[in-house]
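Participant: Take this structure, written in structure tokens, and hold onto it; I'll ask about it next.
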Amino acid sequence: MIFNSVTFLIFFILFFQFYWLINNKLPISYRNIFTILSSYLFYGWWDWRFLSLIIISSSADYFIGLGLARAQKKNGRKMLLILSIVVNLGILGFFKYFNFFIESLNEFMHFFSLSVDVNTLKIILPVGISFYTFQTLSYTIDIYKRKIEPTRNIFSFFAFVSFFPQLVAGPIERASHLLHQFDAKKAFSYNHCVIGLRLILWGLFKKIVIADNFGILVDTIFSSEHSISGITTIAGSLFFAFQIYADFSGYSDIAIGLSKMLGIDLMKNFKTPYFSASFGEFWHRWHISLSTWFRDYLYIPLGGNRGNKYRTNLNILVTFLLSGLWHGANITFLIWGGLHGLALLVEKQVRIKFNTLYFTPFVFILVTLFWIPFRAENFAHFIALSKSVFQFGSFSFASLCQIISDFSITRFFALLFVLAGFLWIEYSFRSDDFNEWILKKTRFTRFTIYYLILALILILGNFSVKPDFIYFQF
Amino acid sequence: MNRLYKHIILFLLPALILILILPVNKRLKYQGLENDCFNHAIWIYDRIYNNSKPLDIAFLGSSRTINGINDELIEQELKEYNMAVVNFGYCRLGRNLSYALLKEIVSRKKPGYLVLEVSRNEDRYSHPVYPHIAGTADVAFANPFFNRDLLADIRTQLTYKIELWQDIMFQKTVTMPIQTSDFGFASSNDTIAGEILKEVKNGRSKPKPGLKKIEENFHMSFPRIYLKKIHRLCRENNINMLFLYIPPYGTDQFLPNEYKTYIKYGIVILPPVPITDNPSNWHDEDHLNRTGANKLSLYIAAEIKKVLSDSAFYSK
């Protein structure tokens with residue numbers, strides 16, 4: 001079930017009605033059981049077989065959490081933590097990385113002329129596996145570090161892991177922020193629902209108008225079988241920069257909005273990242289729930305910036321390489337993570353004040369170019385694209401113009417015009433969010449903006465693409 | 001909560017009304033299906049609306065009809081009766097499309113006969129093209145209890161309408177020239193390899209577990225409702241209904257499963273076994289080639305002649 005589908009609309013209307021009915025009439029556990037079952041239905045709509053993985057991961061961490069609270073000896077606690085890591089990363093490793101490592105091993109062996117061929121397996125990647133395994137893993141790590149107490153309420157915990165608005169593409173929540181929200185009785189709030197609906201409208205606009213339209217151009221450019229010129233590759237990466245941001249932040253907005261309607265607060269996942277004046281700032285604003293996860297559970301345990309300069313640099317690089325690998329079992333994601341890590345290292349060496357006016361465009365250009373390995377299908381494709389960026393000899397607008405012409409020139413310019421407006425609004429609420437920004441307007445202006453968004457969805461929305469979000473594949 | 005629902009509905013109502021009342025040129029709806037079924041949709045539209053030639057016998061069905069019914073040949077065979085025959089077959093199954101097309105046909109033409117293709121089983125799902133060409137009311141109120149695809153169809157209809165408008169706004173619409181052909185038959189001269197057909201026959205002759213009565217009643221409700229609607233439309237427009245069973249190659253089933261339903265509404269034409277059992281008549285395991293189509297068409301023409309000469313039929 002995808003947020004921008006009719007099936008989900010029907011599902012959510014029914015869920016919303018019964019959720020509040022159960023919340024108001026019955027004990028909290030019933031509401032949580034209903035949330036769990038509905039979330040499983042939501043997830044099982046893709047492939048019910050993979051529900052077993054969520055149940056295994058949830059059960060393991062629930063009991064390990066209780067065990068950690070009971071265990072007094074350090075070794076016992078450590079063993080339990082290792083068990084949790086093995087279960088979660090084992091599931092993730094098998095379903096996401098098994099074939100990648102086998103293929104890499106085979107290539108490595110061939111490189112040294114060793115004829116060892118290990119067969120890969122036909123493994124389907126379960127949707128959202130990287131998100132919920134990280135979320136449940138953070139729970140046991142936090143208990144181990146004595147940052148939180150484990151919950152004894154199994155229904156609250158299972159609801160925390162499987163809560164459908166953020167189950168398949170985040171934000172990756174922490175137990176300290178989300179878990180206790182399932183323990184409390186909630187009061188229906190009209191205002192919360194309106195806040196949620198505003199975010200949903202804004203998220204749908206980003207997804208259907210910005211992401212799905214740029215997606216057509218991006219797919220045409222990056223799937224071109226003919227060699228493309230530098231300008232086309234650069235334009236493709238620029239379009240992809242807008243596509244992926246609108247797609248993922250749009251999803252996050254919808255997830256946060258839906259949760260708000262159910263009386264649950266999720267963390268912010270994006271804070272206008274393309275207006276960052278440094279890579280450090282960019283990673284404070286892009287996919288915040290993942291970057292803080294890696295900071296808290298990898299970078300800091302590795303030593304963070306507490307060691308010498310070389311150790312700190314190594315920690316940064318390792319964190320970014322693994323963060324790249326988290327996105328997918330492909331060397332291209334490692335390259336993407338590595339490039340961001342290197343950019344941060346360079347930034348740390350250059351001790352200057354990052355002036356927004358000069359550095360924002362510079363950081364944006366680099367971030368955009370770094371999307372090339374992220375979007376490339378494989379290493380060979382990445383190399384071909386990277387070479388094409390520097391092919392100034394065949395510098396030609398013709399192929400780009402042809403792609404735009406096939407897309408419709410009028411539609412393209414209308415899209416650019418809307419994009420400019422979108423970026424202006426994003427720039428206006430740099431320090432808050434869409435909701436806070438629009439609340440500062442008069443009632444008339446607010447409704448004008450709502451209807452303008454609705455009109456743009458109808459006029460420019462792309463309804464022909466299969467409803468899907470880029471981050472589902474991670 | 002009621003206040004919330006009320007405000008959401010009030011907020012969305014103008015947009016919804018706008019989409020619903022937005023007029024769309026009917027030809028554009030058919031033209032928009034240009035990448036489907038050999039661009040047959042626009043030809044169907046033009047044959048109904050832009051071709052002044054009358055229509056006396058209409059064939060409706062799937063790609064088996066497109067490939068298996070040579071309408072021009074049947075028309076020649078029925079020369080003495082001076083009847084115009086048209087093959088309105090469209091790829092894939094879904095009984096509701098036959099209904100939607102028949103509605104279009106009777107709005108402009110006055111056919112005396114409808115020959116409806118039937119297969120072993122009635123398909124219990126909505127035809128994928130149905131929401132693109134059917135009217136809003138026909139899609140939105142289409143048997144909600146037995147239509148698995150109701151929501152998808154509503155969504156497709158609304159978004160297709162929006163897409164057509166977007167194409168007009170962004171100047172992507174290029175008007176196709178009017179299709180002037182009188183006939184819809186399209187077939188291949190190729191013949192499938194005998195070995196492949198042997199394998200197919202082996203597979204198809206294996207007995208398959210049948211449905212229980214209650215399951216069958218549930219599954220067949222959707223097509224049966226549309227059969228009833230088609231019959232009603234035929235009755236209202238003085239059209240005689242005939243059914244034509246076109247089985248795939250290699251089946252050992254000589255009667256369609258819904259035979260009893262069909263004979264309530266009209267005569268069922270069953271193809272002769274020598275035609276369907278001859279491997280040289282098949283383009284693939286589901287579609288006749290030109291040779292097979294011609295043989296079948298001659299047989300059908302003869303059957304129709306019998307019907308035409310049988311005056312008792314008219315009183316039915």
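So you can find residues: chains in the structure tokens are A, B, ... in the order shown, residues in each start at 1, and ligands are numbered from 1 in order.
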Can you build me a table of chain A residues sitting at most 8 Å from chain B, with the closest atom pair per residue and its distance in Å to one decimal, using only C-alpha atoms, sorted by chain and residue number, as a Markdown table?

Facilitator:
| residue | atom | partner | partner_atom | distance |
| --- | --- | --- | --- | --- |
| A:Val6 | CA | B:Leu151 | CA | 6.7 |
| A:Thr7 | CA | B:Leu151 | CA | 7.5 |
| A:Phe188 | CA | B:Met1 | CA | 7.9 |
| A:Tyr190 | CA | B:Leu4 | CA | 6.5 |
| A:Cys193 | CA | B:Leu4 | CA | 7.8 |
| A:Ser408 | CA | B:Lys172 | CA | 6.6 |
| A:Ile409 | CA | B:Phe170 | CA | 7.9 |
| A:Thr410 | CA | B:Phe170 | CA | 5.4 |
| A:Arg411 | CA | B:Phe170 | CA | 5.6 |
| A:Leu454 | CA | B:Ala15 | CA | 7.8 |
| A:Ala455 | CA | B:Ala15 | CA | 8.0 |
| A:Leu458 | CA | B:Ile162 | CA | 6.7 |
| A:Ile459 | CA | B:Gln166 | CA | 6.1 |
| A:Leu460 | CA | B:Gln166 | CA | 7.1 |
| A:Asn462 | CA | B:Glu163 | CA | 8.0 |
| A:Phe463 | CA | B:Thr159 | CA | 6.1 |
| A:Ser464 | CA | B:Thr159 | CA | 7.8 |

Participant: Now that the selection is made, can you save its residues with N, CA, C and O atoms as an mmCIF file, in the first residue's frame?

Facilitator:
data_model
loop_
_atom_site.group_PDB
_atom_site.id
_atom_site.type_symbol
_atom_site.label_atom_id
_atom_site.label_comp_id
_atom_site.auth_asym_id
_atom_site.auth_seq_id
_atom_site.Cartn_x
_atom_site.Cartn_y
_atom_site.Cartn_z
ATOM 1 N N VAL A 6 -5.358 4.850 -3.930
ATOM 2 C CA VAL A 6 -6.744 4.840 -3.463
ATOM 3 C C VAL A 6 -6.911 3.793 -2.347
ATOM 4 O O VAL A 6 -7.633 4.015 -1.379
ATOM 5 N N THR A 7 -6.214 2.675 -2.495
ATOM 6 C CA THR A 7 -6.306 1.612 -1.491
ATOM 7 C C THR A 7 -5.903 2.164 -0.124
ATOM 8 O O THR A 7 -6.554 1.894 0.893
ATOM 9 N N PHE A 188 -8.646 13.077 21.031
ATOM 10 C CA PHE A 188 -8.762 13.524 19.638
ATOM 11 C C PHE A 188 -8.663 15.038 19.573
ATOM 12 O O PHE A 188 -9.293 15.752 20.366
ATOM 13 N N TYR A 190 -8.894 18.234 16.914
ATOM 14 C CA TYR A 190 -9.199 18.756 15.570
ATOM 15 C C TYR A 190 -7.979 19.499 15.019
ATOM 16 O O TYR A 190 -7.600 19.346 13.866
ATOM 17 N N CYS A 193 -5.272 17.289 13.755
ATOM 18 C CA CYS A 193 -5.661 16.704 12.464
ATOM 19 C C CYS A 193 -5.436 17.706 11.330
ATOM 20 O O CYS A 193 -4.966 17.342 10.258
ATOM 21 N N SER A 408 7.461 17.560 -23.112
ATOM 22 C CA SER A 408 6.606 18.726 -23.379
ATOM 23 C C SER A 408 7.288 19.980 -22.843
ATOM 24 O O SER A 408 7.505 20.118 -21.626
ATOM 25 N N ILE A 409 7.612 20.857 -23.786
ATOM 26 C CA ILE A 409 8.351 22.083 -23.423
ATOM 27 C C ILE A 409 7.504 22.950 -22.488
ATOM 28 O O ILE A 409 7.985 23.466 -21.482
ATOM 29 N N THR A 410 6.214 23.077 -22.793
ATOM 30 C CA THR A 410 5.335 23.919 -21.967
ATOM 31 C C THR A 410 5.278 23.362 -20.548
ATOM 32 O O THR A 410 5.354 24.108 -19.570
ATOM 33 N N ARG A 411 5.136 22.053 -20.472
ATOM 34 C CA ARG A 411 5.056 21.425 -19.154
ATOM 35 C C ARG A 411 6.364 21.612 -18.386
ATOM 36 O O ARG A 411 6.362 21.852 -17.186
ATOM 37 N N LEU A 454 -3.624 22.425 -4.534
ATOM 38 C CA LEU A 454 -4.564 21.437 -5.074
ATOM 39 C C LEU A 454 -4.672 21.579 -6.604
ATOM 40 O O LEU A 454 -4.650 20.584 -7.339
ATOM 41 N N ALA A 455 -4.732 22.831 -7.060
ATOM 42 C CA ALA A 455 -4.821 23.079 -8.502
ATOM 43 C C ALA A 455 -3.561 22.603 -9.201
ATOM 44 O O ALA A 455 -3.633 21.995 -10.277
ATOM 45 N N LEU A 458 -3.554 18.954 -9.685
ATOM 46 C CA LEU A 458 -4.411 18.538 -10.800
ATOM 47 C C LEU A 458 -3.812 18.913 -12.154
ATOM 48 O O LEU A 458 -3.871 18.144 -13.098
ATOM 49 N N ILE A 459 -3.210 20.104 -12.215
ATOM 50 C CA ILE A 459 -2.714 20.580 -13.510
ATOM 51 C C ILE A 459 -1.387 19.916 -13.885
ATOM 52 O O ILE A 459 -1.168 19.536 -15.020
ATOM 53 N N LEU A 460 -0.500 19.814 -12.886
ATOM 54 C CA LEU A 460 0.844 19.325 -13.209
ATOM 55 C C LEU A 460 1.130 17.927 -12.657
ATOM 56 O O LEU A 460 2.170 17.342 -12.956
ATOM 57 N N ASN A 462 1.624 14.167 -11.878
ATOM 58 C CA ASN A 462 1.879 13.056 -12.786
ATOM 59 C C ASN A 462 1.177 11.813 -12.241
ATOM 60 O O ASN A 462 1.614 11.227 -11.250
ATOM 61 N N PHE A 463 0.106 11.423 -12.893
ATOM 62 C CA PHE A 463 -0.691 10.299 -12.387
ATOM 63 C C PHE A 463 -0.438 9.011 -13.167
ATOM 64 O O PHE A 463 -0.989 7.979 -12.836
ATOM 65 N N SER A 464 0.382 9.147 -14.210
ATOM 66 C CA SER A 464 0.572 7.950 -15.042
ATOM 67 C C SER A 464 1.646 7.020 -14.491
ATOM 68 O O SER A 464 1.712 5.869 -14.872
#

Participant: Could you name the residues that touch stretch 263-280 of chain A at 7 Å or less, counting only C-alpha atoms, but leaving out those on the same chain fewer than 2 positions away, as a ChimeraX atom specification?

Facilitator: /A:171,181,186,249,252,256,259-261,282-289,343-344,354-356,359-360,363-364,426,430

Participant: So how many Å separate atom CA of B:Glu199 and atom CA of B:Arg92, to one decimal?

Facilitator: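 For atom CA of B:Glu199 relative to atom CA of B:Arg92, the distance reads 23.3 Å.
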
Participant: From the DSSP assignment of the backbone, select every residue of stretch 124-177 of chain B that is alpha helix (DSSP H), and format the answer as a list in words.

Facilitator: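 Alpha helix (DSSP H) assignments inside stretch 124-177 of chain B correspond to Tyr130, Pro131, His132, Ile133, Thr136, Ala137, Asp138, Val139, Ala140, Leu150, Leu151, Ala152, Asp153, Ile154, Arg155, Thr156, Gln157, Leu158, Thr159, Tyr160, Lys161, Ile162, Glu163, Leu164, Trp165, Gln166, Asp167, Ile168 and Met169 of chain B.
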
Participant: As a ChimeraX atom specification, please: the residues near A:Ser399 (cut-off 9 Å, only C-alpha atoms, same-chain neighbours under 5 positions excluded).

Facilitator: /A:228-229,232,404

Participant: With C-alpha atoms retained, write the just-selected residues as a PDB file, in the first residue's frame.

Facilitator:
ATOM      1  CA  ILE A 228      25.006  11.400 -23.322  1.00  0.00           C
ATOM      2  CA  SER A 229      26.766  14.727 -23.263  1.00  0.00           C
ATOM      3  CA  THR A 232      22.694  16.260 -20.154  1.00  0.00           C
ATOM      4  CA  ILE A 404      12.610  18.083 -22.781  1.00  0.00           C
TER       5      ILE A 404
END

Participant: Show which residues sit within 12 Å of stretch 299-307 of chain B, as a VMD selection string. Count only C-alpha atoms, and ignore same-chain residues fewer than 3 positions away.

Facilitator: chain B and resid 56 to 57 59 68 to 83 85 112 to 115 240 to 246 266 to 276 292 to 296 310 to 316

Participant: Take the selection from the previous step and output its residues with N, CA and C atoms, as a short mmCIF file (atom, residue, chain, number, x, y, z; two decimals), in the first residue's frame.

Facilitator:
data_model
loop_
_atom_site.label_atom_id
_atom_site.label_comp_id
_atom_site.auth_asym_id
_atom_site.auth_seq_id
_atom_site.Cartn_x
_atom_site.Cartn_y
_atom_site.Cartn_z
N ASP B 56 -25.02 -3.57 -39.39
CA ASP B 56 -26.12 -4.52 -39.17
C ASP B 56 -25.75 -5.63 -38.21
N ILE B 57 -24.51 -6.11 -38.33
CA ILE B 57 -24.08 -7.18 -37.42
C ILE B 57 -22.78 -6.74 -36.75
N PHE B 59 -19.76 -7.64 -34.05
CA PHE B 59 -19.07 -8.67 -33.27
C PHE B 59 -18.35 -7.98 -32.12
N GLY B 68 -9.93 -13.80 -35.24
CA GLY B 68 -10.67 -14.96 -35.73
C GLY B 68 -11.88 -14.65 -36.59
N ILE B 69 -12.32 -13.39 -36.64
CA ILE B 69 -13.54 -13.06 -37.39
C ILE B 69 -13.21 -12.12 -38.54
N ASN B 70 -13.27 -12.65 -39.75
CA ASN B 70 -13.02 -11.82 -40.92
C ASN B 70 -14.34 -11.18 -41.32
N ASP B 71 -14.57 -9.98 -40.84
CA ASP B 71 -15.86 -9.31 -41.03
C ASP B 71 -16.15 -9.01 -42.51
N GLU B 72 -15.08 -8.72 -43.23
CA GLU B 72 -15.25 -8.40 -44.66
C GLU B 72 -15.76 -9.65 -45.40
N LEU B 73 -15.18 -10.79 -45.07
CA LEU B 73 -15.57 -12.05 -45.70
C LEU B 73 -17.01 -12.41 -45.35
N ILE B 74 -17.37 -12.23 -44.09
CA ILE B 74 -18.74 -12.53 -43.69
C ILE B 74 -19.72 -11.62 -44.43
N GLU B 75 -19.33 -10.36 -44.57
CA GLU B 75 -20.20 -9.41 -45.27
C GLU B 75 -20.43 -9.83 -46.73
N GLN B 76 -19.32 -10.30 -47.34
CA GLN B 76 -19.45 -10.78 -48.73
C GLN B 76 -20.39 -11.99 -48.80
N GLU B 77 -20.24 -12.87 -47.84
CA GLU B 77 -21.06 -14.09 -47.80
C GLU B 77 -22.54 -13.75 -47.62
N LEU B 78 -22.78 -12.64 -46.92
CA LEU B 78 -24.18 -12.25 -46.65
C LEU B 78 -24.68 -11.19 -47.64
N LYS B 79 -23.99 -11.15 -48.81
CA LYS B 79 -24.30 -10.11 -49.80
C LYS B 79 -25.80 -10.07 -50.13
N GLU B 80 -26.38 -11.25 -50.23
CA GLU B 80 -27.80 -11.32 -50.61
C GLU B 80 -28.71 -10.61 -49.60
N TYR B 81 -28.23 -10.51 -48.38
CA TYR B 81 -29.04 -9.85 -47.33
C TYR B 81 -28.68 -8.37 -47.19
N ASN B 82 -27.60 -7.96 -47.89
CA ASN B 82 -27.11 -6.58 -47.85
C ASN B 82 -26.87 -6.11 -46.40
N MET B 83 -26.02 -6.83 -45.71
CA MET B 83 -25.78 -6.51 -44.30
C MET B 83 -24.34 -6.09 -44.08
N VAL B 85 -21.21 -5.82 -41.81
CA VAL B 85 -20.69 -6.58 -40.66
C VAL B 85 -19.42 -5.90 -40.14
N GLY B 112 -28.81 -4.91 -36.16
CA GLY B 112 -29.91 -5.86 -35.93
C GLY B 112 -29.43 -7.06 -35.12
N TYR B 113 -28.11 -7.30 -35.18
CA TYR B 113 -27.56 -8.49 -34.51
C TYR B 113 -26.28 -8.14 -33.75
N LEU B 114 -26.16 -8.77 -32.62
CA LEU B 114 -24.91 -8.66 -31.86
C LEU B 114 -24.37 -10.08 -31.67
N VAL B 115 -23.14 -10.29 -32.09
CA VAL B 115 -22.51 -11.60 -31.86
C VAL B 115 -21.44 -11.40 -30.79
N ASN B 240 -30.89 -8.63 -31.91
CA ASN B 240 -30.88 -10.06 -31.59
C ASN B 240 -29.49 -10.47 -31.13
N MET B 241 -29.48 -11.21 -30.04
CA MET B 241 -28.19 -11.59 -29.46
C MET B 241 -27.80 -13.00 -29.88
N LEU B 242 -26.54 -13.14 -30.28
CA LEU B 242 -25.99 -14.46 -30.57
C LEU B 242 -24.68 -14.57 -29.80
N PHE B 243 -24.31 -15.78 -29.47
CA PHE B 243 -23.05 -15.97 -28.78
C PHE B 243 -22.14 -16.84 -29.64
N LEU B 244 -20.88 -16.51 -29.61
CA LEU B 244 -19.92 -17.28 -30.40
C LEU B 244 -18.81 -17.79 -29.46
N TYR B 245 -18.72 -19.09 -29.37
CA TYR B 245 -17.68 -19.69 -28.52
C TYR B 245 -16.40 -19.85 -29.33
N ILE B 246 -15.33 -19.14 -28.93
CA ILE B 246 -14.03 -19.33 -29.59
C ILE B 246 -13.08 -19.92 -28.54
N GLY B 266 -29.89 -16.11 -26.14
CA GLY B 266 -29.82 -16.23 -27.60
C GLY B 266 -29.13 -17.51 -28.02
N ILE B 267 -28.96 -17.62 -29.33
CA ILE B 267 -28.34 -18.82 -29.90
C ILE B 267 -26.84 -18.82 -29.61
N VAL B 268 -26.29 -19.99 -29.34
CA VAL B 268 -24.84 -20.09 -29.13
C VAL B 268 -24.24 -20.81 -30.33
N ILE B 269 -23.32 -20.14 -31.00
CA ILE B 269 -22.65 -20.76 -32.16
C ILE B 269 -21.39 -21.45 -31.65
N LEU B 270 -21.29 -22.74 -31.93
CA LEU B 270 -20.11 -23.50 -31.51
C LEU B 270 -19.26 -23.79 -32.74
N PRO B 271 -17.97 -23.52 -32.68
CA PRO B 271 -17.15 -23.72 -33.88
C PRO B 271 -16.95 -25.21 -34.17
N PRO B 272 -16.86 -25.59 -35.43
CA PRO B 272 -16.66 -27.02 -35.74
C PRO B 272 -15.28 -27.49 -35.28
N VAL B 273 -15.23 -28.69 -34.74
CA VAL B 273 -13.96 -29.23 -34.23
C VAL B 273 -12.88 -29.30 -35.31
N PRO B 274 -13.21 -29.67 -36.56
CA PRO B 274 -12.15 -29.72 -37.58
C PRO B 274 -11.40 -28.39 -37.75
N ILE B 275 -12.08 -27.29 -37.47
CA ILE B 275 -11.38 -25.99 -37.58
C ILE B 275 -10.49 -25.76 -36.36
N THR B 276 -11.07 -25.98 -35.20
CA THR B 276 -10.31 -25.65 -33.98
C THR B 276 -9.23 -26.69 -33.67
N GLY B 292 -7.31 -20.02 -40.59
CA GLY B 292 -8.30 -20.48 -39.60
C GLY B 292 -9.44 -19.50 -39.49
N ALA B 293 -9.10 -18.21 -39.49
CA ALA B 293 -10.12 -17.17 -39.35
C ALA B 293 -11.10 -17.22 -40.53
N ASN B 294 -10.55 -17.41 -41.73
CA ASN B 294 -11.42 -17.46 -42.90
C ASN B 294 -12.38 -18.65 -42.83
N LYS B 295 -11.83 -19.81 -42.40
CA LYS B 295 -12.68 -21.00 -42.29
C LYS B 295 -13.79 -20.76 -41.27
N LEU B 296 -13.39 -20.20 -40.13
CA LEU B 296 -14.37 -19.95 -39.07
C LEU B 296 -15.41 -18.92 -39.54
N ASP B 310 -34.47 -18.06 -40.69
CA ASP B 310 -35.41 -18.64 -39.73
C ASP B 310 -36.30 -17.52 -39.18
N SER B 311 -37.44 -17.38 -39.74
CA SER B 311 -38.29 -16.25 -39.33
C SER B 311 -38.74 -16.36 -37.89
N ALA B 312 -38.74 -17.59 -37.39
CA ALA B 312 -39.16 -17.79 -35.99
C ALA B 312 -38.22 -17.05 -35.04
N PHE B 313 -36.98 -16.91 -35.48
CA PHE B 313 -36.00 -16.26 -34.64
C PHE B 313 -36.39 -14.83 -34.29
N TYR B 314 -36.99 -14.15 -35.27
CA TYR B 314 -37.35 -12.74 -35.07
C TYR B 314 -38.35 -12.53 -33.95
N SER B 315 -39.16 -13.55 -33.75
CA SER B 315 -40.18 -13.37 -32.72
C SER B 315 -39.62 -13.63 -31.33
N LYS B 316 -38.39 -14.10 -31.26
CA LYS B 316 -37.80 -14.45 -29.96
C LYS B 316 -37.61 -13.21 -29.10
#

Participant: Any idea what's packed within 9 Å of B:Asn189, counting only C-alpha atoms, ignoring anything in its chain fewer than 4 positions away? Could you give it as number ranges by chain?

Facilitator: B: 283, 289-291

Participant: Within 12 Å of A:Tyr30, counting only C-alpha atoms, which residues show up once you throw out same-chain ones fewer than 2 positions away? Write them as a list of chain:residue names, please.

Facilitator: A:Phe18, A:Tyr19, A:Trp20, A:Leu21, A:Ile22, A:Asn23, A:Asn24, A:Lys25, A:Leu26, A:Pro27, A:Ile28, A:Asn32, A:Ile33, A:Phe34, A:Thr35, A:Ile36, A:Leu37, A:Phe155, A:Ser156, A:Ala159, A:Phe182, A:Asp183, A:Lys185

Participant: Write out as a list in words which residues come within 12 Å of A:Arg77 when counting only C-alpha atoms, dropping same-chain ones fewer than 2 positions away.

Facilitator: Ile64, Gly65, Leu66, Gly67, Leu68, Ala69, Arg70, Ala71, Gln72, Lys73, Lys74, Asn75, Met79, Leu80, Leu81, Ile82, Leu83, Ser84, Thr140, Ile141, Ile143, Tyr144, Lys145 and Arg146 of chain A

Participant: Let's see if you can do this: from backbone DSSP, list all strand (DSSP E) residues in stretch 3-93 of chain B, as number ranges by chain.

Facilitator: B: 57-60, 85-87

Participant: With C-alpha atoms retained, write the just-selected residues as an mmCIF file, in the first residue's frame.

Facilitator:
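The resulting file, out-v7.cif, is shown below:
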data_model
loop_
_atom_site.group_PDB
_atom_site.id
_atom_site.type_symbol
_atom_site.label_atom_id
_atom_site.label_comp_id
_atom_site.auth_asym_id
_atom_site.auth_seq_id
_atom_site.Cartn_x
_atom_site.Cartn_y
_atom_site.Cartn_z
ATOM 1 C CA ILE B 57 -24.082 -7.179 -37.420
ATOM 2 C CA ALA B 58 -21.615 -6.243 -34.686
ATOM 3 C CA PHE B 59 -19.070 -8.667 -33.270
ATOM 4 C CA LEU B 60 -17.824 -7.930 -29.763
ATOM 5 C CA VAL B 85 -20.692 -6.584 -40.655
ATOM 6 C CA VAL B 86 -18.108 -5.130 -38.261
ATOM 7 C CA ASN B 87 -15.589 -6.795 -35.961
#

Participant: Distance atom CA of A:Tyr139-atom CA of A:Ala175, one decimal place?

Facilitator: 5.6 Å

Participant: Separation of atom CA of A:Ile91 and atom CA of A:Ile129, in Å?

Facilitator: 8.4 Å
